[in-house]
Every structure is written in structure tokens, then in C-alpha cells.
Amino acid sequence: MAEHPAQLTWDLIVAARARIAGKVSLTPVLTSTSLDAHSGAQLYFKCENFQKCGAFKARGATNAVFALSAEDARRGVATHSSGNHAAALARAARLRGIRAYIVMPDNTAQAKRAAVARYGGEVSWCEPTLAAREHAAAQVIAATGAVLVHPYDDLAVMAGQATASVELLEAVPDLDVILCPVGGGGLLGGTAVAAKTLKPTIRVIGVEPAGADDAARSLRAGRILPSLNPNTIADGLRGALGVRPFAAIRARVDDIVTVPEEAIVAAMRRLWEVMKIIIEPSAAVPYAAVAAGVLNLTGQRVGIVLSGGNLDLDRLPWMSGAAPP
């Protein structure tokens, strides 16, 4: 891959947007008078659950794959992922006509397994720990010579993810704040760089599960403090905070707040019922901060990134005994 500067820049985001044009969807921004009335704010939902592969991850993976030189692309690409990035990378590789080697934890949701299979990713399984994922991915890369496309700790991936907030601010230029979920930090870091470039006065706030609160703790400490055993229904937010995303988060993000599991489930169900759209638990996390009163945004115009909609429909979290491991 071409050399990147040491940090995410607006120029990288502009290049990413041009590179992925026509390869990913321009997702809608939806509103709800009912949810506005309940929150006392004007809410604008950027629906990345309608994105290719059902999640924002299509943006970053597509940018990273198409940024590869022809020589590197011939080697194929590899990653480790709990699901959404895996499917996105497999799809991007198929678009470019190269192989994708995917390491997935063995507790991955069935819907996410099926998505990777549909796009032709070559899957290896591992134990559901970050150490196991990284070790297995390193073995795959050593055996195949494939290029690593990290799920979040990669500037090309971050630049792609940032394009969602560019579109959001083009649709609703006068937002006061943007809320987005944070796991590895690629989406939040990219969102912060893009949003603060386009509108320096806007606030960017990350939201994460209380059971996987490494980003909130790290922001306060000024250094990365890993979660040793993240425990949350929001499986897409269990990843460890990345070095490159954290640099952008420290420089540009105003705050990171956390929400309990019951608030995530309640927010997810409310968005299903009121907006009639399918979102996964990770996508419900930012709205949970509003609905549960963790953030008081009364009278403000609030952009909320709904990150994805991939989950097992026969294991919905409000069903008895349905919570994933």
C-alpha cells in the first residue's frame, strides 16, 4: 500500500470519497417526530444499516482495497474481524478481483458468517479473544503473503469511514453535535476529523457500552487503557482501541460516554418499533445515550450514526435467553 502520513487528514478523506464513489451507497438520513419529542432534540439518523454489507465498514474496506498498488493487490488481503469488516473486505476484494483471507472468532453471529460466505471470503476460525484473532491473522499472512487490512487501526480504513459524516453534514449542515459508537475507534476518529474540518464548532461525542469502556477510560487518561475482558451485547464494539484512531480521538473528540446494557437493548427495540428499520446492538448505542438521559441535548440538532444492521433475527436481545456469548 502507498505510504500514508502519520495521521488522518482531510486530504485522505477527500481521496477516499472519490475512490469509493459508485462502489458504496449514499445512505439516507432519517428523522422521527416521535423520537424528537421524546428526546427534546432534533435527531438525524445516518442509516449505515442500509450500506453495502449492511454496515459502515464497507466504506473503509473498499477504500483500503482500491488504494492498494497493483503489485500489493495481487497478494490478496487479510484481516481479523467479528463480522462487519470481514464481509466488507470480502466484498471489496471481490470487486477488485483478488482473494480475501478472513479470521473470525468462533462466536460470530450467524448473519455475519453468512455475509462473509456470500462475498467469497476464505474464513479461518479462532477463539473469541483479540490475542487469538491477531495470532491467527499473522499466521494467515505468513502463509499467504496477503496484505493486512486492519479493521480500524489503518488510515485508509479510517478515511473511508469518515465519508459517512461528510455525507451527513452535507445533508444537514447545521448540526450541533454528532454521536457515533466507538469500538476500535476507526469510525469515531474518522468522524471527528471530517466533522471538525467541515464545521469546527460542532461537537463530536463517542458512545460505548459500559462493559467495553476502554475508549472512555483512555480518553480521560490520555493513553490507551485496554479492556481485558469486554462484555457487551454490542459485539461490533468489543475490539480494542487502535493507536491511529486514538490519536484522532484525543485531538478532535469532545467526550466519550458509556451506556449500560439495558439501555442499549431498549434503544435498539425503540428504533425498530418507531423507525421500522433493522439495526444491530452496536448501532443502538449512540441513541441509547440520548434515550437514557446520559446526554442532555435538549434543543440541539443531533446527528446519530446508525452503524449497521447485521444480527441474527432468531436471537433478538429482548427474547428470553437470546443474548450472545
# chains A, B, ... in the order shown; residues from 1 in each chain; ligands from 1

call {"tool": "residues_around", "arguments": {"residues": "region 145-154 of chain A", "least_positions_apart": "2", "cutoff": "8 Å", "atoms": "only C-alpha atoms", "output": "number ranges by chain"}}
result
A: 61, 64-65, 72-73, 75-81, 85, 101, 140-143, 156-158, 184-187, 242-245

call {"tool": "residues_around", "arguments": {"residues": "Asn63 (chain A)", "least_positions_apart": "5", "cutoff": "10 Å", "atoms": "only C-alpha atoms", "output": "mmCIF file with N, CA and C atoms, in the first residue's frame"}}
result
data_model
loop_
_atom_site.group_PDB
_atom_site.id
_atom_site.type_symbol
_atom_site.label_atom_id
_atom_site.label_comp_id
_atom_site.auth_asym_id
_atom_site.auth_seq_id
_atom_site.Cartn_x
_atom_site.Cartn_y
_atom_site.Cartn_z
ATOM 1 N N ILE A 13 -9.353 11.863 3.392
ATOM 2 C CA ILE A 13 -10.799 11.654 3.364
ATOM 3 C C ILE A 13 -11.372 12.027 1.999
ATOM 4 N N ALA A 15 -9.762 11.996 -0.841
ATOM 5 C CA ALA A 15 -9.326 10.959 -1.780
ATOM 6 C C ALA A 15 -10.154 9.691 -1.620
ATOM 7 N N ALA A 16 -10.475 9.347 -0.376
ATOM 8 C CA ALA A 16 -11.284 8.158 -0.126
ATOM 9 C C ALA A 16 -12.665 8.299 -0.741
ATOM 10 N N ARG A 17 -13.242 9.473 -0.599
ATOM 11 C CA ARG A 17 -14.588 9.656 -1.136
ATOM 12 C C ARG A 17 -14.607 9.486 -2.652
ATOM 13 N N ALA A 18 -13.598 10.002 -3.319
ATOM 14 C CA ALA A 18 -13.517 9.838 -4.773
ATOM 15 C C ALA A 18 -13.276 8.380 -5.143
ATOM 16 N N ARG A 19 -12.455 7.700 -4.360
ATOM 17 C CA ARG A 19 -12.081 6.316 -4.670
ATOM 18 C C ARG A 19 -13.257 5.363 -4.529
ATOM 19 N N ILE A 20 -14.120 5.586 -3.530
ATOM 20 C CA ILE A 20 -15.209 4.640 -3.286
ATOM 21 C C ILE A 20 -16.512 5.040 -3.964
ATOM 22 N N ALA A 21 -16.516 6.191 -4.657
ATOM 23 C CA ALA A 21 -17.736 6.639 -5.339
ATOM 24 C C ALA A 21 -18.206 5.580 -6.323
ATOM 25 N N LYS A 23 -19.036 2.619 -5.578
ATOM 26 C CA LYS A 23 -18.772 1.287 -5.032
ATOM 27 C C LYS A 23 -19.484 1.055 -3.701
ATOM 28 N N VAL A 24 -19.938 2.136 -3.069
ATOM 29 C CA VAL A 24 -20.726 2.040 -1.840
ATOM 30 C C VAL A 24 -21.970 2.909 -2.006
ATOM 31 N N ALA A 58 -18.202 -1.022 4.946
ATOM 32 C CA ALA A 58 -17.975 -1.108 3.504
ATOM 33 C C ALA A 58 -17.139 0.060 3.006
ATOM 34 N N LEU A 68 -4.692 -0.003 -2.794
ATOM 35 C CA LEU A 68 -3.533 -0.864 -2.960
ATOM 36 C C LEU A 68 -2.934 -0.712 -4.359
ATOM 37 N N LEU A 89 -14.586 -6.423 3.676
ATOM 38 C CA LEU A 89 -13.321 -6.686 2.996
ATOM 39 C C LEU A 89 -13.493 -7.757 1.929
ATOM 40 N N ALA A 92 -15.133 -6.017 -1.016
ATOM 41 C CA ALA A 92 -14.211 -5.129 -1.722
ATOM 42 C C ALA A 92 -13.197 -5.932 -2.531
ATOM 43 N N LEU A 155 -5.123 3.978 8.389
ATOM 44 C CA LEU A 155 -5.564 5.298 7.955
ATOM 45 C C LEU A 155 -6.464 5.252 6.731
ATOM 46 N N ALA A 156 -6.229 4.301 5.831
ATOM 47 C CA ALA A 156 -7.108 4.177 4.664
ATOM 48 C C ALA A 156 -8.500 3.739 5.084
ATOM 49 N N VAL A 157 -8.572 2.844 6.050
ATOM 50 C CA VAL A 157 -9.864 2.412 6.577
ATOM 51 C C VAL A 157 -10.557 3.570 7.274
ATOM 52 N N MET A 158 -9.838 4.290 8.107
ATOM 53 C CA MET A 158 -10.416 5.435 8.810
ATOM 54 C C MET A 158 -10.929 6.495 7.840
ATOM 55 N N ALA A 159 -10.163 6.746 6.789
ATOM 56 C CA ALA A 159 -10.570 7.761 5.812
ATOM 57 C C ALA A 159 -11.874 7.358 5.140
ATOM 58 N N GLY A 160 -12.013 6.078 4.832
ATOM 59 C CA GLY A 160 -13.265 5.607 4.255
ATOM 60 C C GLY A 160 -14.432 5.769 5.205
ATOM 61 N N GLN A 161 -14.228 5.404 6.461
ATOM 62 C CA GLN A 161 -15.314 5.530 7.443
ATOM 63 C C GLN A 161 -15.742 6.983 7.605
#

call {"tool": "residues_around", "arguments": {"residues": "Lys112 (chain A)", "least_positions_apart": "2", "cutoff": "8 Å", "atoms": "only C-alpha atoms", "output": "list in words"}}
result
Ser82, Gly83, Asn84, Ala87, Thr108, Ala109, Gln110, Ala114, Ala115, Val116, Asn310 and Leu311 of chain A

call {"tool": "residues_around", "arguments": {"residues": "region 119-134 of chain A", "least_positions_apart": "6", "cutoff": "7 Å", "atoms": "only C-alpha atoms", "output": "PyMOL selection string"}}
result
chain A and resi 80+87+90-91+94+100-107

call {"tool": "write_last_selection", "arguments": {"atoms": "C-alpha atoms", "output": "tab-separated table (two decimals), in the first residue's frame"}}
result
chain	number	residue	atom	x	y	z
A	80	HIS	CA	-9.46	-10.40	11.56
A	87	ALA	CA	-17.87	-9.03	4.99
A	90	ALA	CA	-14.53	-9.82	1.24
A	91	ARG	CA	-16.88	-7.72	-0.88
A	94	ARG	CA	-14.35	-9.45	-4.95
A	100	ALA	CA	-9.66	-12.17	0.88
A	101	TYR	CA	-8.49	-14.22	3.87
A	102	ILE	CA	-10.64	-13.65	6.93
A	103	VAL	CA	-10.05	-14.69	10.54
A	104	MET	CA	-13.27	-14.69	12.58
A	105	PRO	CA	-13.97	-15.55	16.23
A	106	ASP	CA	-15.95	-18.74	16.61
A	107	ASN	CA	-18.80	-16.93	18.41

call {"tool": "select_by_dssp", "arguments": {"residues": "region 91-258 of chain A", "states": "strand (DSSP E)", "output": "ChimeraX atom specification"}}
result
/A:100-105,122-126,147-148,177-181,203-209,255-258

call {"tool": "atom_distance", "arguments": {"atom1": "CA of Pro181 (chain A)", "atom2": "CA of Leu95 (chain A)"}}
result
27.8 Å

call {"tool": "select_by_dssp", "arguments": {"residues": "region 109-257 of chain A", "states": "alpha helix (DSSP H)", "output": "PyMOL selection string"}}
result
chain A and resi 110-118+130-144+155-171+186-198+214-221+243-252

call {"tool": "write_last_selection", "arguments": {"atoms": "C-alpha atoms", "output": "tab-separated table (two decimals), in the first residue's frame"}}
result
chain	number	residue	atom	x	y	z
A	110	GLN	CA	-24.64	-16.38	12.09
A	111	ALA	CA	-25.84	-13.48	9.94
A	112	LYS	CA	-22.30	-12.10	9.80
A	113	ARG	CA	-20.85	-15.53	8.94
A	114	ALA	CA	-23.33	-15.83	6.10
A	115	ALA	CA	-22.42	-12.40	4.74
A	116	VAL	CA	-18.72	-13.27	4.52
A	117	ALA	CA	-19.56	-16.51	2.75
A	118	ARG	CA	-21.75	-14.69	0.22
A	130	LEU	CA	-8.18	-10.26	20.49
A	131	ALA	CA	-4.91	-12.11	21.09
A	132	ALA	CA	-6.25	-15.20	19.30
A	133	ARG	CA	-7.52	-13.09	16.39
A	134	GLU	CA	-4.22	-11.30	15.94
A	135	HIS	CA	-2.20	-14.52	16.20
A	136	ALA	CA	-4.38	-16.34	13.67
A	137	ALA	CA	-4.27	-13.40	11.25
A	138	ALA	CA	-0.47	-13.27	11.50
A	139	GLN	CA	-0.32	-16.97	10.64
A	140	VAL	CA	-2.58	-16.49	7.62
A	141	ILE	CA	-0.49	-13.57	6.37
A	142	ALA	CA	2.73	-15.54	6.83
A	143	ALA	CA	1.27	-18.45	4.84
A	144	THR	CA	-0.33	-16.43	2.02
A	155	LEU	CA	-5.56	5.30	7.95
A	156	ALA	CA	-7.11	4.18	4.66
A	157	VAL	CA	-9.86	2.41	6.58
A	158	MET	CA	-10.42	5.43	8.81
A	159	ALA	CA	-10.57	7.76	5.81
A	160	GLY	CA	-13.27	5.61	4.26
A	161	GLN	CA	-15.31	5.53	7.44
A	162	ALA	CA	-15.09	9.32	7.66
A	163	THR	CA	-17.08	9.71	4.46
A	164	ALA	CA	-20.29	8.83	6.31
A	165	SER	CA	-20.10	12.01	8.39
A	166	VAL	CA	-19.18	14.06	5.32
A	167	GLU	CA	-22.44	12.92	3.74
A	168	LEU	CA	-24.33	13.57	6.96
A	169	LEU	CA	-23.11	17.15	7.19
A	170	GLU	CA	-23.86	17.76	3.53
A	171	ALA	CA	-27.43	16.62	4.18
A	186	GLY	CA	-11.94	3.99	13.32
A	187	LEU	CA	-15.42	5.41	12.83
A	188	LEU	CA	-15.20	7.89	15.71
A	189	GLY	CA	-11.73	9.09	14.76
A	190	GLY	CA	-12.70	9.48	11.13
A	191	THR	CA	-15.94	11.21	12.04
A	192	ALA	CA	-14.13	13.68	14.27
A	193	VAL	CA	-11.55	14.66	11.66
A	194	ALA	CA	-14.17	15.09	8.94
A	195	ALA	CA	-16.74	16.89	11.08
A	196	LYS	CA	-14.31	19.29	12.72
A	197	THR	CA	-12.80	20.14	9.35
A	198	LEU	CA	-16.18	20.92	7.81
A	214	ASP	CA	-11.71	1.32	27.08
A	215	ALA	CA	-12.16	4.38	24.85
A	216	ALA	CA	-13.80	6.45	27.60
A	217	ARG	CA	-11.15	5.47	30.13
A	218	SER	CA	-8.35	6.03	27.63
A	219	LEU	CA	-9.56	9.50	26.65
A	220	ARG	CA	-9.58	10.55	30.28
A	221	ALA	CA	-6.16	9.03	30.99
A	243	VAL	CA	-3.36	3.60	18.05
A	244	ARG	CA	-4.18	5.67	14.94
A	245	PRO	CA	-7.84	6.13	15.85
A	246	PHE	CA	-6.88	7.14	19.38
A	247	ALA	CA	-4.60	9.86	18.06
A	248	ALA	CA	-7.53	11.36	16.13
A	249	ILE	CA	-9.88	10.89	19.08
A	250	ARG	CA	-7.54	12.66	21.52
A	251	ALA	CA	-7.10	15.57	19.13
A	252	ARG	CA	-10.70	16.05	17.99

call {"tool": "atom_distance", "arguments": {"atom1": "CA of Ala70 (chain A)", "atom2": "CA of Leu12 (chain A)"}}
result
19.4 Å

call {"tool": "closest_residue", "arguments": {"among": "A:Ala37, A:Ile256, A:Cys53, A:Leu306", "to": "Ala88 (chain A)", "atoms": "only C-alpha atoms"}}
result
A:Cys53

call {"tool": "atom_distance", "arguments": {"atom1": "CA of Glu208 (chain A)", "atom2": "CA of Val182 (chain A)"}}
result
5.5 Å

call {"tool": "residues_around", "arguments": {"residues": "Gly211 (chain A)", "least_positions_apart": "5", "cutoff": "6 Å", "atoms": "only C-alpha atoms", "output": "list in words"}}
result
Pro230, Asn231 and Thr232 of chain A

call {"tool": "residues_around", "arguments": {"residues": "Asp176 (chain A)", "least_positions_apart": "2", "cutoff": "9 Å", "atoms": "only C-alpha atoms", "output": "CSV table (one decimal) with C-alpha atoms, in the first residue's frame"}}
result
chain,number,residue,atom,x,y,z
A,174,ASP,CA,-26.3,23.0,10.8
A,178,ILE,CA,-22.6,14.1,16.1
A,201,THR,CA,-17.7,24.4,16.2
A,202,ILE,CA,-19.5,21.0,16.0
A,203,ARG,CA,-19.2,18.7,19.0
A,204,VAL,CA,-18.3,15.0,18.3
A,300,GLN,CA,-30.0,20.8,19.8
A,301,ARG,CA,-29.7,19.3,16.3
A,302,VAL,CA,-28.1,15.9,16.7
A,303,GLY,CA,-26.6,13.6,14.0

call {"tool": "closest_residue", "arguments": {"among": "A:Leu228, A:Arg223, A:Leu316, A:Ala67", "to": "Met268 (chain A)", "atoms": "only C-alpha atoms"}}
result
A:Leu316
